[in-house]
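What follows is the content of target.txt (compact mmCIF, C-alpha atoms and all ligand atoms).
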# COMPACT_ATOMS: atom_id res chain seq x y z
CA MET A 190 8.48 -173.24 31.42
CA TRP A 191 7.19 -171.00 28.70
CA ILE A 192 3.74 -170.49 30.20
CA GLN A 193 5.26 -169.32 33.48
CA LYS A 194 7.30 -166.71 31.60
CA VAL A 195 4.09 -165.49 29.99
CA ARG A 196 2.42 -165.27 33.40
CA LEU A 197 5.37 -163.40 34.86
CA LYS A 198 5.38 -160.99 31.94
CA ALA A 199 1.66 -160.36 32.42
CA LEU A 200 2.17 -159.70 36.13
CA ALA A 201 5.01 -157.29 35.32
CA TRP A 202 2.82 -155.40 32.84
CA VAL A 203 -0.06 -155.10 35.31
CA ALA A 204 2.26 -153.91 38.10
CA ALA A 205 4.03 -151.43 35.84
CA ILE A 206 0.80 -149.95 34.54
CA ALA A 207 -0.63 -149.67 38.06
CA LEU A 208 2.52 -147.94 39.27
CA ALA A 209 2.44 -145.58 36.30
CA ALA A 210 -1.19 -144.73 37.00
CA VAL A 211 -0.54 -144.09 40.68
CA GLY A 212 2.51 -142.03 39.78
CA ALA A 213 0.59 -139.94 37.26
CA ILE A 214 -2.19 -139.32 39.76
CA SER A 215 0.14 -138.33 42.59
CA ILE A 216 2.79 -136.36 40.68
CA PHE A 217 0.69 -134.46 38.16
CA ALA A 218 -2.46 -134.20 40.32
CA ILE A 219 -4.60 -135.61 37.52
CA PRO A 220 -8.16 -136.66 38.48
CA ALA A 221 -8.06 -140.33 39.40
CA ILE A 222 -11.13 -141.64 37.57
CA PRO A 223 -9.95 -140.96 33.97
CA VAL A 224 -6.46 -142.20 34.72
CA LEU A 225 -7.83 -145.43 36.18
CA GLY A 226 -10.05 -145.91 33.13
CA VAL A 227 -7.10 -145.51 30.78
CA ALA A 228 -4.99 -147.81 32.96
CA VAL A 229 -7.65 -150.55 32.90
CA ALA A 230 -7.92 -150.25 29.11
CA VAL A 231 -4.14 -150.46 28.70
CA VAL A 232 -4.01 -153.53 30.97
CA ALA A 233 -6.75 -155.21 28.93
CA VAL A 234 -4.91 -154.56 25.66
CA ALA A 235 -1.58 -155.70 27.09
CA LEU A 236 -3.01 -158.96 28.45
CA ASN A 237 -4.85 -159.61 25.20
CA GLN A 238 -1.62 -159.20 23.26
CA LEU A 239 0.22 -161.53 25.64
CA GLY A 240 -2.46 -164.21 25.38
CA HIS A 241 -2.81 -164.04 21.63
CA ARG A 242 -0.42 -166.93 21.03
CA LEU A 243 -2.47 -169.12 23.37
CA THR A 244 -5.44 -169.10 21.00
CA GLN A 245 -3.58 -171.63 18.85
CA PRO A 246 -2.57 -175.09 20.06
CA THR A 247 0.65 -174.22 21.87
CA CYS A 248 3.06 -176.26 23.95
CA TYR A 249 2.93 -175.05 27.54
CA GLY A 250 6.54 -176.06 28.05
CA CYS A 251 8.36 -174.34 25.21
CA GLY A 252 5.71 -172.38 23.32
CA SER A 253 6.04 -174.18 20.00
CA ASN A 254 3.01 -174.54 17.77
CA LEU A 255 1.23 -177.90 18.00
CA THR A 256 -1.07 -177.46 15.03
CA GLY A 257 -1.26 -180.52 12.82
CA GLN A 258 0.07 -183.00 15.36
CA THR A 259 -1.97 -186.06 16.21
CA PRO A 260 -3.05 -186.31 19.84
CA GLY A 261 -2.47 -189.53 21.71
CA GLN A 262 -4.48 -190.95 24.59
CA TYR A 263 -3.13 -188.42 27.07
CA GLY A 264 -2.65 -185.48 24.75
CA ILE A 265 -0.03 -184.22 22.35
CA VAL A 266 3.64 -184.86 23.00
CA CYS A 267 5.67 -181.83 22.04
CA ARG A 268 8.47 -182.67 19.60
CA GLY A 269 10.61 -179.90 20.99
CA CYS A 270 10.59 -180.52 24.73
CA GLY A 271 8.62 -183.75 25.27
CA ILE A 272 5.91 -182.29 27.49
CA ILE A 273 2.42 -183.78 27.12
CA ASN A 274 -0.11 -181.03 26.40
CA HIS A 275 -3.86 -181.30 26.62
CA VAL A 276 -5.31 -179.45 23.65
CA ASP A 277 -8.93 -179.09 22.71
CA PRO A 278 -9.46 -181.33 19.65
CA ARG A 279 -11.67 -178.68 18.05
CA ARG A 280 -8.71 -176.32 17.94
CA LEU A 281 -6.51 -178.97 16.33
CA ALA A 282 -9.04 -179.48 13.58
CA GLY A 283 -8.60 -175.90 12.51
CA ALA A 284 -11.70 -174.54 14.16
CA PRO A 285 -12.91 -171.18 12.94
CA LYS A 286 -11.11 -168.33 14.57
CA SER A 287 -13.10 -166.58 17.22
CA ASP A 288 -12.47 -163.09 18.46
CA HIS A 289 -13.02 -163.86 22.11
CA ALA A 290 -10.17 -162.62 24.23
CA GLY A 291 -10.84 -164.78 27.25
CA PRO A 292 -8.19 -166.85 28.93
CA PRO A 293 -7.46 -170.16 27.25
CA GLU A 294 -8.00 -173.48 28.90
CA GLY A 295 -5.05 -174.57 30.94
CA PRO A 296 -3.30 -177.89 30.78
CA VAL A 297 -5.01 -180.76 32.55
CA SER A 298 -2.97 -182.19 35.34
CA THR A 299 -3.73 -185.74 36.26
ZN ZN A 301 7.33 -178.04 23.92

For the file at hand, write its structure as structure tokens.
Amino acid sequence: MWIQKVRLKALAWVAAIALAAVGAISIFAIPAIPVLGVAVAVVAVALNQLGHRLTQPTCYGCGSNLTGQTPGQYGIVCRGCGIINHVDPRRLAGAPKSDHAGPPEGPVST
């Protein structure tokens, strides 16, 4: 599924940045506190970039955009892969864009 690829990519970024920070600290003998600060900032930016597509109504199965589709009783059926997605109706109505970078709501499993 598309959302699992996004999760795996996020995990890979976090692991790579942590390894790079540990490597920089141990090889170049750089003080740890500034390197950790930079590493945390880079992780935050990387995860924000990965989650940017999730701010729009997105199919969790294939990643296609669900904007403009009418939700049924159980959610929106993706035209591409057929997965039923639970999407916040406020986002479907073209809610004003917010700048919050928090994690989006996940699909509701019943
Ligand atoms: Zn889909």

| request: Using only C-alpha atoms and all ligand atoms, find each residue with an atom at most 9 Å away from ligand ZN 301 (chain A) and format the answer as a PyMOL selection string. | output: chain A and resi 190-191+247-255+266-274

For the residues in the current selection, export C-alpha atoms as a PDB file, keeping the file's coordinate frame.
ATOM      1  CA  MET A 190       8.480-173.240  31.420  1.00  0.00           C
ATOM      2  CA  TRP A 191       7.190-171.000  28.700  1.00  0.00           C
ATOM      3  CA  THR A 247       0.650-174.220  21.870  1.00  0.00           C
ATOM      4  CA  CYS A 248       3.060-176.260  23.950  1.00  0.00           C
ATOM      5  CA  TYR A 249       2.930-175.050  27.540  1.00  0.00           C
ATOM      6  CA  GLY A 250       6.540-176.060  28.050  1.00  0.00           C
ATOM      7  CA  CYS A 251       8.360-174.340  25.210  1.00  0.00           C
ATOM      8  CA  GLY A 252       5.710-172.380  23.320  1.00  0.00           C
ATOM      9  CA  SER A 253       6.040-174.180  20.000  1.00  0.00           C
ATOM     10  CA  ASN A 254       3.010-174.540  17.770  1.00  0.00           C
ATOM     11  CA  LEU A 255       1.230-177.900  18.000  1.00  0.00           C
ATOM     12  CA  VAL A 266       3.640-184.860  23.000  1.00  0.00           C
ATOM     13  CA  CYS A 267       5.670-181.830  22.040  1.00  0.00           C
ATOM     14  CA  ARG A 268       8.470-182.670  19.600  1.00  0.00           C
ATOM     15  CA  GLY A 269      10.610-179.900  20.990  1.00  0.00           C
ATOM     16  CA  CYS A 270      10.590-180.520  24.730  1.00  0.00           C
ATOM     17  CA  GLY A 271       8.620-183.750  25.270  1.00  0.00           C
ATOM     18  CA  ILE A 272       5.910-182.290  27.490  1.00  0.00           C
ATOM     19  CA  ILE A 273       2.420-183.780  27.120  1.00  0.00           C
ATOM     20  CA  ASN A 274      -0.110-181.030  26.400  1.00  0.00           C
TER      21      ASN A 274
END

| message | Could you tell me how far atom CA of A:Tyr263 sits from atom CA of A:Leu243, in Å to one decimal place? | response |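 Answer for the atom CA of A:Leu243 to atom CA of A:Tyr263 separation: 19.7 Å.
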
| Computed interatomic separation between atom CA of A:Pro260 and atom CA of A:Asp277 (Å) | 9.7 Å

Write out as CSV a residue-level contact list of stretch 229-253 of chain A versus stretch 194-206 of chain A with cut-off 8 Å: for each qualifying residue the closest pair of atoms and the distance in Å to one decimal, counting only C-alpha atoms, rows sorted by chain and residue number upward.
residue,atom,partner,partner_atom,distance
A:Val231,CA,A:Ile206,CA,7.7
A:Val232,CA,A:Val203,CA,6.1
A:Ala235,CA,A:Trp202,CA,7.2
A:Leu236,CA,A:Ala199,CA,6.3
A:Leu239,CA,A:Ala199,CA,7.0

| task | Can you work out which one of A:Arg242, A:Gln258, A:Leu225, A:Ile192 has the shortest atom-to-atom distance to A:Val211, counting all atoms listed in the file? | result | A:Leu225

For stretch 224-240 of chain A, what centre and edge lengths in Å (one decimal) does the axis-aligned box get once 3 Å is added on each side of all its listed atoms, as lines of an AutoDock Vina configuration file?
center_x = -4.9
center_y = -153.2
center_z = 29.7
size_x = 16.3
size_y = 28.0
size_z = 18.9

| request: Counting only C-alpha atoms, write as a VMD selection string all protein and nucleic acid residues lying at most 7 Å from (-2.4, -171.1, 15.1) in the file's frame. | output: chain A and resid 244 to 246 254 256

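Going from atom CA of A:Gly257 to atom CA of A:His275 covers 14.1 Å.
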
| query | Do you know which residues lie at most 12 Å from (1.1, -143.8, 36.1), with coordinates as in the file and all atoms listed in the file counted, and could you write them as an MDAnalysis selection string? | reply | chainID A and resid 203:221 223:229 231

Can you take stretch 211-268 of chain A from the block and write C-alpha atoms as a PDB file, in the first residue's frame?
ATOM      1  CA  VAL A 211      26.522   9.426  14.994  1.00  0.00           C
ATOM      2  CA  GLY A 212      29.119   9.036  12.263  1.00  0.00           C
ATOM      3  CA  ALA A 213      29.895  12.750  12.209  1.00  0.00           C
ATOM      4  CA  ILE A 214      30.237  12.817  15.978  1.00  0.00           C
ATOM      5  CA  SER A 215      32.499   9.780  16.155  1.00  0.00           C
ATOM      6  CA  ILE A 216      34.660  10.316  13.050  1.00  0.00           C
ATOM      7  CA  PHE A 217      35.206  14.068  13.126  1.00  0.00           C
ATOM      8  CA  ALA A 218      35.030  14.472  16.923  1.00  0.00           C
ATOM      9  CA  ILE A 219      32.436  17.223  16.598  1.00  0.00           C
ATOM     10  CA  PRO A 220      30.642  18.239  19.826  1.00  0.00           C
ATOM     11  CA  ALA A 221      27.484  16.163  20.086  1.00  0.00           C
ATOM     12  CA  ILE A 222      24.943  18.803  21.100  1.00  0.00           C
ATOM     13  CA  PRO A 223      25.074  20.948  17.914  1.00  0.00           C
ATOM     14  CA  VAL A 224      25.124  17.889  15.683  1.00  0.00           C
ATOM     15  CA  LEU A 225      22.071  16.456  17.437  1.00  0.00           C
ATOM     16  CA  GLY A 226      20.262  19.780  17.068  1.00  0.00           C
ATOM     17  CA  VAL A 227      20.947  19.875  13.346  1.00  0.00           C
ATOM     18  CA  ALA A 228      19.949  16.222  13.014  1.00  0.00           C
ATOM     19  CA  VAL A 229      16.617  16.816  14.768  1.00  0.00           C
ATOM     20  CA  ALA A 230      15.927  19.813  12.521  1.00  0.00           C
ATOM     21  CA  VAL A 231      16.746  17.803   9.391  1.00  0.00           C
ATOM     22  CA  VAL A 232      14.475  14.957  10.553  1.00  0.00           C
ATOM     23  CA  ALA A 233      11.632  17.421  11.150  1.00  0.00           C
ATOM     24  CA  VAL A 234      12.005  18.924   7.676  1.00  0.00           C
ATOM     25  CA  ALA A 235      12.268  15.511   6.019  1.00  0.00           C
ATOM     26  CA  LEU A 236       9.143  14.175   7.749  1.00  0.00           C
ATOM     27  CA  ASN A 237       7.241  17.353   6.962  1.00  0.00           C
ATOM     28  CA  GLN A 238       8.114  16.996   3.288  1.00  0.00           C
ATOM     29  CA  LEU A 239       7.055  13.342   3.292  1.00  0.00           C
ATOM     30  CA  GLY A 240       3.729  14.118   4.947  1.00  0.00           C
ATOM     31  CA  HIS A 241       2.900  17.079   2.765  1.00  0.00           C
ATOM     32  CA  ARG A 242       0.781  15.034   0.365  1.00  0.00           C
ATOM     33  CA  LEU A 243      -1.302  13.754   3.268  1.00  0.00           C
ATOM     34  CA  THR A 244      -2.713  17.212   3.952  1.00  0.00           C
ATOM     35  CA  GLN A 245      -5.010  16.728   0.969  1.00  0.00           C
ATOM     36  CA  PRO A 246      -7.635  13.980   0.743  1.00  0.00           C
ATOM     37  CA  THR A 247      -5.455  11.113  -0.432  1.00  0.00           C
ATOM     38  CA  CYS A 248      -6.145   7.445  -1.034  1.00  0.00           C
ATOM     39  CA  TYR A 249      -4.221   5.386   1.496  1.00  0.00           C
ATOM     40  CA  GLY A 250      -3.977   2.523  -0.955  1.00  0.00           C
ATOM     41  CA  CYS A 251      -2.514   4.122  -4.057  1.00  0.00           C
ATOM     42  CA  GLY A 252      -1.917   7.767  -3.152  1.00  0.00           C
ATOM     43  CA  SER A 253      -4.268   9.293  -5.708  1.00  0.00           C
ATOM     44  CA  ASN A 254      -6.014  12.546  -4.912  1.00  0.00           C
ATOM     45  CA  LEU A 255      -9.601  12.192  -3.676  1.00  0.00           C
ATOM     46  CA  THR A 256     -10.573  15.840  -3.852  1.00  0.00           C
ATOM     47  CA  GLY A 257     -13.975  16.412  -5.379  1.00  0.00           C
ATOM     48  CA  GLN A 258     -15.289  12.881  -4.902  1.00  0.00           C
ATOM     49  CA  THR A 259     -18.520  12.347  -3.030  1.00  0.00           C
ATOM     50  CA  PRO A 260     -18.225  10.281   0.140  1.00  0.00           C
ATOM     51  CA  GLY A 261     -20.596   7.406   0.684  1.00  0.00           C
ATOM     52  CA  GLN A 262     -21.831   5.998   3.978  1.00  0.00           C
ATOM     53  CA  TYR A 263     -18.504   4.351   4.773  1.00  0.00           C
ATOM     54  CA  GLY A 264     -16.179   6.819   3.109  1.00  0.00           C
ATOM     55  CA  ILE A 265     -14.809   7.476  -0.342  1.00  0.00           C
ATOM     56  CA  VAL A 266     -14.165   4.605  -2.718  1.00  0.00           C
ATOM     57  CA  CYS A 267     -10.984   5.222  -4.659  1.00  0.00           C
ATOM     58  CA  ARG A 268     -11.513   5.012  -8.418  1.00  0.00           C
TER      59      ARG A 268
END
